[in-house]
file final_12.cif (mmCIF, C-alpha atoms and all ligand atoms; chains and numbers go by the auth columns)
data_coords
#
loop_
_atom_site.group_PDB
_atom_site.id
_atom_site.type_symbol
_atom_site.label_atom_id
_atom_site.label_comp_id
_atom_site.label_asym_id
_atom_site.label_seq_id
_atom_site.Cartn_x
_atom_site.Cartn_y
_atom_site.Cartn_z
_atom_site.B_iso_or_equiv
_atom_site.auth_seq_id
_atom_site.auth_asym_id
ATOM 1 C CA MET A 1 -8.741 14.803 -11.554 0.00 990 A
ATOM 2 C CA GLN A 2 -10.125 13.814 -8.191 0.00 991 A
ATOM 3 C CA ILE A 3 -7.672 12.694 -5.495 0.00 992 A
ATOM 4 C CA SER A 4 -8.634 10.823 -2.320 0.00 993 A
ATOM 5 C CA LYS A 5 -6.156 9.901 0.382 0.00 994 A
ATOM 6 C CA LEU A 6 -6.346 6.979 2.794 0.00 995 A
ATOM 7 C CA VAL A 7 -3.903 6.548 5.664 0.00 996 A
ATOM 8 C CA LEU A 8 -3.118 2.851 6.020 0.00 997 A
ATOM 9 C CA GLY A 9 -1.501 0.609 8.613 0.00 998 A
ATOM 10 C CA ASP A 10 0.932 1.089 11.479 0.00 999 A
ATOM 11 C CA TYR A 11 3.334 3.137 9.366 0.00 1000 A
ATOM 12 C CA GLU A 12 0.551 5.537 8.389 0.00 1001 A
ATOM 13 C CA ASN A 13 1.171 5.233 4.685 0.00 1002 A
ATOM 14 C CA ASN A 14 -0.665 7.615 2.413 0.00 1003 A
ATOM 15 C CA SER A 15 -2.397 5.695 -0.337 0.00 1004 A
ATOM 16 C CA TYR A 16 -3.815 7.946 -3.051 0.00 1005 A
ATOM 17 C CA ILE A 17 -6.757 7.095 -5.244 0.00 1006 A
ATOM 18 C CA VAL A 18 -6.813 9.188 -8.403 0.00 1007 A
ATOM 19 C CA ARG A 19 -9.780 9.294 -10.761 0.00 1008 A
ATOM 20 C CA LYS A 20 -11.283 11.413 -13.468 0.00 1009 A
ATOM 21 C CA GLU A 21 -14.625 13.105 -12.892 0.00 1010 A
ATOM 22 C CA ASN A 22 -17.569 10.769 -13.398 0.00 1011 A
ATOM 23 C CA SER A 23 -15.423 7.744 -14.082 0.00 1012 A
ATOM 24 C CA ALA A 24 -15.082 4.574 -12.034 0.00 1013 A
ATOM 25 C CA ASN A 25 -11.592 3.924 -13.367 0.00 1014 A
ATOM 26 C CA CYS A 26 -8.953 4.805 -10.847 0.00 1015 A
ATOM 27 C CA LEU A 27 -5.220 4.810 -10.366 0.00 1016 A
ATOM 28 C CA ILE A 28 -3.786 3.914 -6.967 0.00 1017 A
ATOM 29 C CA ILE A 29 -0.479 5.275 -5.751 0.00 1018 A
ATOM 30 C CA ASP A 30 1.078 3.059 -3.047 0.00 1019 A
ATOM 31 C CA THR A 31 -0.540 0.748 -0.500 0.00 1020 A
ATOM 32 C CA GLY A 32 0.019 0.220 3.243 0.00 1021 A
ATOM 33 C CA LEU A 33 0.825 -2.479 5.769 0.00 1022 A
ATOM 34 C CA ASP A 34 -2.925 -2.939 6.272 0.00 1023 A
ATOM 35 C CA SER A 35 -4.583 -2.396 2.919 0.00 1024 A
ATOM 36 C CA ASN A 36 -8.019 -3.748 3.847 0.00 1025 A
ATOM 37 C CA PRO A 37 -9.489 -0.236 4.216 0.00 1026 A
ATOM 38 C CA LEU A 38 -8.292 0.508 0.664 0.00 1027 A
ATOM 39 C CA ILE A 39 -10.078 -2.560 -0.712 0.00 1028 A
ATOM 40 C CA GLN A 40 -13.212 -1.617 1.229 0.00 1029 A
ATOM 41 C CA TYR A 41 -13.105 1.952 -0.069 0.00 1030 A
ATOM 42 C CA ILE A 42 -12.732 0.842 -3.688 0.00 1031 A
ATOM 43 C CA LYS A 43 -15.630 -1.598 -3.337 0.00 1032 A
ATOM 44 C CA GLU A 44 -17.902 0.868 -1.539 0.00 1033 A
ATOM 45 C CA LYS A 45 -17.359 3.499 -4.233 0.00 1034 A
ATOM 46 C CA LYS A 46 -17.659 0.841 -6.952 0.00 1035 A
ATOM 47 C CA LEU A 47 -14.351 1.862 -8.476 0.00 1036 A
ATOM 48 C CA ASN A 48 -12.337 -0.053 -11.009 0.00 1037 A
ATOM 49 C CA PRO A 49 -8.636 0.113 -10.153 0.00 1038 A
ATOM 50 C CA ALA A 50 -6.816 0.070 -13.480 0.00 1039 A
ATOM 51 C CA ALA A 51 -3.309 0.551 -12.150 0.00 1040 A
ATOM 52 C CA LEU A 52 -1.211 0.607 -8.986 0.00 1041 A
ATOM 53 C CA VAL A 53 1.978 2.646 -9.126 0.00 1042 A
ATOM 54 C CA LEU A 54 4.522 1.973 -6.392 0.00 1043 A
ATOM 55 C CA THR A 55 6.712 4.986 -5.606 0.00 1044 A
ATOM 56 C CA HIS A 56 9.357 2.572 -4.277 0.00 1045 A
ATOM 57 C CA GLY A 57 9.837 -0.953 -2.982 0.00 1046 A
ATOM 58 C CA HIS A 58 9.764 -0.641 0.818 0.00 1047 A
ATOM 59 C CA VAL A 59 7.467 -3.044 2.636 0.00 1048 A
ATOM 60 C CA ASP A 60 5.111 -0.373 3.983 0.00 1049 A
ATOM 61 C CA HIS A 61 4.296 0.751 0.404 0.00 1050 A
ATOM 62 C CA ILE A 62 4.117 -2.631 -1.339 0.00 1051 A
ATOM 63 C CA ALA A 63 2.446 -4.807 1.301 0.00 1052 A
ATOM 64 C CA GLY A 64 -0.987 -4.427 -0.336 0.00 1053 A
ATOM 65 C CA VAL A 65 0.049 -5.657 -3.788 0.00 1054 A
ATOM 66 C CA GLU A 66 -1.247 -9.208 -3.373 0.00 1055 A
ATOM 67 C CA ILE A 67 -4.573 -8.291 -1.769 0.00 1056 A
ATOM 68 C CA LEU A 68 -5.220 -5.809 -4.595 0.00 1057 A
ATOM 69 C CA ARG A 69 -4.396 -8.409 -7.213 0.00 1058 A
ATOM 70 C CA LYS A 70 -6.645 -10.914 -5.462 0.00 1059 A
ATOM 71 C CA ASN A 71 -9.608 -8.532 -5.427 0.00 1060 A
ATOM 72 C CA PHE A 72 -9.026 -6.811 -8.776 0.00 1061 A
ATOM 73 C CA GLU A 73 -7.376 -9.246 -11.116 0.00 1062 A
ATOM 74 C CA ASN A 74 -7.005 -6.836 -14.047 0.00 1063 A
ATOM 75 C CA ILE A 75 -4.993 -4.256 -12.110 0.00 1064 A
ATOM 76 C CA LYS A 76 -1.614 -3.454 -13.668 0.00 1065 A
ATOM 77 C CA ILE A 77 1.244 -2.917 -11.236 0.00 1066 A
ATOM 78 C CA TYR A 78 4.141 -0.554 -11.939 0.00 1067 A
ATOM 79 C CA ILE A 79 7.463 -0.063 -10.177 0.00 1068 A
ATOM 80 C CA HIS A 80 10.819 1.361 -11.233 0.00 1069 A
ATOM 81 C CA LYS A 81 13.138 -1.376 -12.482 0.00 1070 A
ATOM 82 C CA CYS A 82 15.769 -0.567 -9.835 0.00 1071 A
ATOM 83 C CA ASP A 83 13.292 -1.379 -7.023 0.00 1072 A
ATOM 84 C CA ALA A 84 11.690 -4.363 -8.778 0.00 1073 A
ATOM 85 C CA PRO A 85 13.825 -6.963 -6.915 0.00 1074 A
ATOM 86 C CA MET A 86 12.445 -5.669 -3.590 0.00 1075 A
ATOM 87 C CA LEU A 87 8.982 -7.068 -4.363 0.00 1076 A
ATOM 88 C CA GLY A 88 10.075 -10.672 -4.124 0.00 1077 A
ATOM 89 C CA GLU A 89 12.730 -10.390 -1.436 0.00 1078 A
ATOM 90 C CA PRO A 90 11.755 -9.753 2.200 0.00 1079 A
ATOM 91 C CA VAL A 91 15.335 -8.826 3.150 0.00 1080 A
ATOM 92 C CA LYS A 92 15.501 -6.193 0.415 0.00 1081 A
ATOM 93 C CA ASN A 93 12.065 -4.691 1.115 0.00 1082 A
ATOM 94 C CA PHE A 94 12.920 -4.620 4.855 0.00 1083 A
ATOM 95 C CA SER A 95 9.890 -6.623 5.943 0.00 1084 A
ATOM 96 C CA THR A 96 12.276 -8.927 7.860 0.00 1085 A
ATOM 97 C CA ILE A 97 13.198 -5.951 10.064 0.00 1086 A
ATOM 98 C CA LEU A 98 9.524 -5.774 11.107 0.00 1087 A
ATOM 99 C CA GLY A 99 9.442 -9.517 11.766 0.00 1088 A
ATOM 100 C CA LEU A 100 7.368 -10.042 8.616 0.00 1089 A
ATOM 101 C CA LYS A 101 8.028 -11.849 5.384 0.00 1090 A
ATOM 102 C CA VAL A 102 6.343 -9.831 2.663 0.00 1091 A
ATOM 103 C CA GLN A 103 6.812 -11.203 -0.830 0.00 1092 A
ATOM 104 C CA THR A 104 4.722 -10.249 -3.827 0.00 1093 A
ATOM 105 C CA SER A 105 4.481 -11.490 -7.380 0.00 1094 A
ATOM 106 C CA PRO A 106 6.441 -9.427 -9.927 0.00 1095 A
ATOM 107 C CA ALA A 107 5.112 -6.112 -11.236 0.00 1096 A
ATOM 108 C CA ASP A 108 3.470 -6.034 -14.663 0.00 1097 A
ATOM 109 C CA VAL A 109 5.473 -3.081 -15.900 0.00 1098 A
ATOM 110 C CA LEU A 110 8.994 -2.044 -14.928 0.00 1099 A
ATOM 111 C CA LEU A 111 9.634 1.658 -15.373 0.00 1100 A
ATOM 112 C CA ALA A 112 12.984 2.445 -16.921 0.00 1101 A
ATOM 113 C CA ASN A 113 12.526 5.912 -18.350 0.00 1102 A
ATOM 114 C CA GLU A 114 11.639 9.302 -17.000 0.00 1103 A
ATOM 115 C CA GLY A 115 9.043 11.494 -18.654 0.00 1104 A
ATOM 116 C CA SER A 116 5.446 11.181 -19.730 0.00 1105 A
ATOM 117 C CA THR A 117 4.020 7.756 -18.953 0.00 1106 A
ATOM 118 C CA ASP A 118 0.528 6.410 -19.510 0.00 1107 A
ATOM 119 C CA PHE A 119 -0.686 4.321 -16.580 0.00 1108 A
ATOM 120 C CA GLN A 120 -3.796 2.726 -18.100 0.00 1109 A
ATOM 121 C CA GLY A 121 -5.197 6.095 -19.155 0.00 1110 A
ATOM 122 C CA PHE A 122 -3.691 8.188 -16.344 0.00 1111 A
ATOM 123 C CA VAL A 123 -0.768 10.196 -17.647 0.00 1112 A
ATOM 124 C CA PHE A 124 1.980 11.357 -15.306 0.00 1113 A
ATOM 125 C CA GLU A 125 5.522 12.482 -15.742 0.00 1114 A
ATOM 126 C CA VAL A 126 7.798 9.977 -14.011 0.00 1115 A
ATOM 127 C CA ILE A 127 10.692 11.615 -12.176 0.00 1116 A
ATOM 128 C CA HIS A 128 13.404 9.239 -10.945 0.00 1117 A
ATOM 129 C CA THR A 129 14.704 10.418 -7.568 0.00 1118 A
ATOM 130 C CA PRO A 130 17.026 7.734 -6.152 0.00 1119 A
ATOM 131 C CA GLY A 131 18.450 8.150 -2.647 0.00 1120 A
ATOM 132 C CA HIS A 132 15.819 6.715 -0.270 0.00 1121 A
ATOM 133 C CA THR A 133 15.849 3.654 -2.564 0.00 1122 A
ATOM 134 C CA PRO A 134 17.596 3.150 -5.926 0.00 1123 A
ATOM 135 C CA GLY A 135 14.289 3.084 -7.820 0.00 1124 A
ATOM 136 C CA GLY A 136 12.370 5.794 -5.980 0.00 1125 A
ATOM 137 C CA ILE A 137 10.085 7.800 -8.269 0.00 1126 A
ATOM 138 C CA CYS A 138 7.862 10.852 -8.067 0.00 1127 A
ATOM 139 C CA LEU A 139 4.790 11.352 -10.244 0.00 1128 A
ATOM 140 C CA TYR A 140 4.026 14.785 -11.617 0.00 1129 A
ATOM 141 C CA ASN A 141 0.900 16.038 -13.334 0.00 1130 A
ATOM 142 C CA LYS A 142 1.294 19.567 -14.625 0.00 1131 A
ATOM 143 C CA ASP A 143 -2.344 20.095 -15.657 0.00 1132 A
ATOM 144 C CA ASP A 144 -3.605 19.169 -12.211 0.00 1133 A
ATOM 145 C CA ASN A 145 -0.818 20.942 -10.346 0.00 1134 A
ATOM 146 C CA VAL A 146 0.139 17.897 -8.329 0.00 1135 A
ATOM 147 C CA LEU A 147 3.245 15.916 -7.424 0.00 1136 A
ATOM 148 C CA PHE A 148 3.312 12.583 -5.584 0.00 1137 A
ATOM 149 C CA THR A 149 6.663 12.178 -3.859 0.00 1138 A
ATOM 150 C CA GLY A 150 6.573 8.826 -2.017 0.00 1139 A
ATOM 151 C CA ASP A 151 9.310 8.812 0.631 0.00 1140 A
ATOM 152 C CA THR A 152 11.573 11.153 -1.354 0.00 1141 A
ATOM 153 C CA LEU A 153 10.139 14.434 -0.048 0.00 1142 A
ATOM 154 C CA PHE A 154 7.863 15.042 2.953 0.00 1143 A
ATOM 155 C CA ALA A 155 6.388 18.250 4.342 0.00 1144 A
ATOM 156 C CA GLY A 156 9.404 19.654 6.201 0.00 1145 A
ATOM 157 C CA SER A 157 11.557 16.553 5.787 0.00 1146 A
ATOM 158 C CA VAL A 158 13.078 14.072 3.352 0.00 1147 A
ATOM 159 C CA GLY A 159 13.288 10.277 3.208 0.00 1148 A
ATOM 160 C CA ARG A 160 15.573 8.280 5.487 0.00 1149 A
ATOM 161 C CA THR A 161 18.784 6.791 4.176 0.00 1150 A
ATOM 162 C CA ASP A 162 20.044 5.125 7.377 0.00 1151 A
ATOM 163 C CA PHE A 163 19.096 1.593 6.369 0.00 1152 A
ATOM 164 C CA PRO A 164 21.189 -1.551 6.734 0.00 1153 A
ATOM 165 C CA GLY A 165 23.531 -1.902 3.776 0.00 1154 A
ATOM 166 C CA TYR A 166 23.094 1.712 2.659 0.00 1155 A
ATOM 167 C CA GLU A 167 25.929 4.199 2.375 0.00 1156 A
ATOM 168 C CA THR A 168 23.872 6.604 4.449 0.00 1157 A
ATOM 169 C CA HIS A 169 25.759 9.815 3.801 0.00 1158 A
ATOM 170 C CA LYS A 170 26.184 9.209 0.086 0.00 1159 A
ATOM 171 C CA CYS A 171 22.527 8.245 -0.347 0.00 1160 A
ATOM 172 C CA MET A 172 21.389 11.364 1.537 0.00 1161 A
ATOM 173 C CA GLN A 173 23.529 13.565 -0.710 0.00 1162 A
ATOM 174 C CA GLN A 174 22.064 11.862 -3.768 0.00 1163 A
ATOM 175 C CA LEU A 175 18.505 12.246 -2.450 0.00 1164 A
ATOM 176 C CA ILE A 176 18.892 15.937 -1.677 0.00 1165 A
ATOM 177 C CA GLU A 177 20.584 16.618 -4.999 0.00 1166 A
ATOM 178 C CA ASN A 178 17.708 14.935 -6.839 0.00 1167 A
ATOM 179 C CA ILE A 179 15.089 16.875 -4.885 0.00 1168 A
ATOM 180 C CA LYS A 180 16.820 20.171 -5.606 0.00 1169 A
ATOM 181 C CA LYS A 181 17.550 19.429 -9.253 0.00 1170 A
ATOM 182 C CA LYS A 182 14.318 17.711 -10.238 0.00 1171 A
ATOM 183 C CA LEU A 183 11.543 18.749 -7.810 0.00 1172 A
ATOM 184 C CA LEU A 184 12.302 22.239 -6.516 0.00 1173 A
ATOM 185 C CA VAL A 185 12.486 23.455 -10.125 0.00 1174 A
ATOM 186 C CA LEU A 186 8.762 22.763 -10.536 0.00 1175 A
ATOM 187 C CA PRO A 187 6.285 25.654 -10.166 0.00 1176 A
ATOM 188 C CA ASP A 188 5.913 27.026 -6.617 0.00 1177 A
ATOM 189 C CA ASP A 189 2.193 26.301 -6.335 0.00 1178 A
ATOM 190 C CA ILE A 190 2.437 22.573 -7.113 0.00 1179 A
ATOM 191 C CA ILE A 191 0.818 20.478 -4.371 0.00 1180 A
ATOM 192 C CA VAL A 192 3.227 17.944 -2.875 0.00 1181 A
ATOM 193 C CA ASN A 193 1.520 14.711 -1.795 0.00 1182 A
ATOM 194 C CA PRO A 194 4.045 12.581 0.122 0.00 1183 A
ATOM 195 C CA GLY A 195 4.047 8.914 1.130 0.00 1184 A
ATOM 196 C CA HIS A 196 3.559 9.802 4.819 0.00 1185 A
ATOM 197 C CA GLY A 197 2.223 12.872 6.610 0.00 1186 A
ATOM 198 C CA PRO A 198 0.489 16.022 5.390 0.00 1187 A
ATOM 199 C CA SER A 199 0.605 17.625 1.950 0.00 1188 A
ATOM 200 C CA SER A 200 2.671 20.701 1.162 0.00 1189 A
ATOM 201 C CA THR A 201 3.689 22.857 -1.804 0.00 1190 A
ATOM 202 C CA ILE A 202 6.967 23.276 -3.654 0.00 1191 A
ATOM 203 C CA LYS A 203 7.134 26.854 -2.360 0.00 1192 A
ATOM 204 C CA ASN A 204 6.734 25.761 1.268 0.00 1193 A
ATOM 205 C CA GLU A 205 9.456 23.154 0.927 0.00 1194 A
ATOM 206 C CA LYS A 206 11.826 25.607 -0.740 0.00 1195 A
ATOM 207 C CA MET A 207 11.280 28.091 2.071 0.00 1196 A
ATOM 208 C CA HIS A 208 10.980 25.923 5.167 0.00 1197 A
ATOM 209 C CA ASN A 209 12.413 22.416 4.640 0.00 1198 A
ATOM 210 C CA PRO A 210 15.585 22.344 6.785 0.00 1199 A
ATOM 211 C CA TYR A 211 17.155 19.570 4.659 0.00 1200 A
ATOM 212 C CA LEU A 212 16.983 21.669 1.514 0.00 1201 A
ATOM 213 C CA LYS A 213 18.672 24.867 2.692 0.00 1202 A
HETATM 214 ZN ZN ZN B . 10.414 4.067 2.115 0.00 1301 B
HETATM 215 ZN ZN ZN B . 7.364 4.726 3.724 0.00 1302 B
#
call {"tool": "encode", "arguments": {"input": "final_12.cif", "output": "structure tokens"}}
result
Amino acid sequence: MQISKLVLGDYENNSYIVRKENSANCLIIDTGLDSNPLIQYIKEKKLNPAALVLTHGHVDHIAGVEILRKNFENIKIYIHKCDAPMLGEPVKNFSTILGLKVQTSPADVLLANEGSTDFQGFVFEVIHTPGHTPGGICLYNKDDNVLFTGDTLFAGSVGRTDFPGYETHKCMQQLIENIKKKLLVLPDDIIVNPGHGPSSTIKNEKMHNPYLK
């Protein structure tokens, strides 16, 4: 599995392009506020984006949904069912806070279950880690030693929970509990690829992340 990372838009969102060796088919994990460089990259490399998986429904991750659909009409879009309403509602995806009104068409597939999931030929284990949002997910691939964590877990930090309408303290407790119970139990050498910032490993986060002591 080959993984490329693009950093998109003002919020510096990591968008990951995953493909198998010698294949044009790719899986995209998250978009960014400005997803034009992602479209350009896909076209330059002559890739065929089969699926877009959204780690959660915040505006900075979903803002590229429509432009991807427009350019690649066969792309299948996945989001956890608990974050699905955020796609169509600017207040819920927090785009209104940025003075924007981001609304996308519904996803093609709503994820409801954890465990092994086939995203148009790309198989990942879906791990549901609510806290930053109700439908936040991480994607784990054991064979390739890699975990995509969205805004659940960052290198040295965890996702925010101080959003309007959130029970901040309760959500933070839930987030940390999920990280400890579901992510830190993975092998130490797994590469952690977050939704913002640099990559890390499970071992590094266990040892040095101040939120997880
Ligand atoms: Zn977020
Ligand atoms: Zn984010």
call {"tool": "residues_near_ligand", "arguments": {"input": "final_12.cif", "ligand": "ligand ZN 1302 (chain B)", "cutoff": "8 Å", "atoms": "all atoms listed in the file", "output": "list in words"}}
result
Tyr1000, Asn1002, His1047, Val1048, Asp1049, His1050, Gly1139, Asp1140, Gly1184 and His1185 of chain A
call {"tool": "residues_near_point", "arguments": {"input": "final_12.cif", "point": "(-6.0, 5.3, 4.1)", "cutoff": "12 Å", "atoms": "all atoms listed in the file", "output": "ChimeraX atom specification"}}
result
/A:993-1006,1017-1031,1050,1053,1184-1186
call {"tool": "resolve_selection", "arguments": {"input": "final_12.cif", "expression": "the PyMOL selection byres (((chain A and resi 1095) around 9) and not hetatm)", "output": "count of residues only"}}
result
10
call {"tool": "closest_residue", "arguments": {"input": "final_12.cif", "among": "A:Phe1108, A:Tyr1067, A:Phe1083, A:Tyr1200", "to": "A:Thr1141", "atoms": "only C-alpha atoms"}}
result
A:Tyr1200
call {"tool": "atom_distance", "arguments": {"input": "final_12.cif", "atom1": "atom CA of A:Lys1059", "atom2": "atom CA of A:Pro1183"}}
result
26.4 Å
call {"tool": "resolve_selection", "arguments": {"input": "final_12.cif", "expression": "the PyMOL selection byres (((chain A and resi 1180) around 9) and not hetatm)", "output": "number ranges by chain"}}
result
A: 1134-1137, 1177-1179, 1181-1182, 1188-1191
call {"tool": "atom_distance", "arguments": {"input": "final_12.cif", "atom1": "atom CA of A:Val1115", "atom2": "atom CA of A:Cys1160"}}
result
20.2 Å
call {"tool": "residues_near_point", "arguments": {"input": "final_12.cif", "point": "(16.5, 2.0, -10.6)", "cutoff": "12 Å", "atoms": "all atoms listed in the file", "output": "PyMOL selection string"}}
result
chain A and resi 1044-1046+1068-1075+1099-1103+1116-1126
call {"tool": "atom_distance", "arguments": {"input": "final_12.cif", "atom1": "atom CA of A:Asn1063", "atom2": "atom CA of A:Ser1105"}}
result
22.6 Å
call {"tool": "closest_residue", "arguments": {"input": "final_12.cif", "among": "A:Ile1165, A:Leu1016, A:Ile1051, A:Leu1036", "to": "ligand ZN 1301 (chain B)", "atoms": "all atoms listed in the file"}}
result
A:Ile1051
call {"tool": "closest_residue", "arguments": {"input": "final_12.cif", "among": "A:Lys1009, A:Lys1065, A:Lys1032, A:Lys1081", "to": "ligand ZN 1301 (chain B)", "atoms": "all atoms listed in the file"}}
result
A:Lys1081
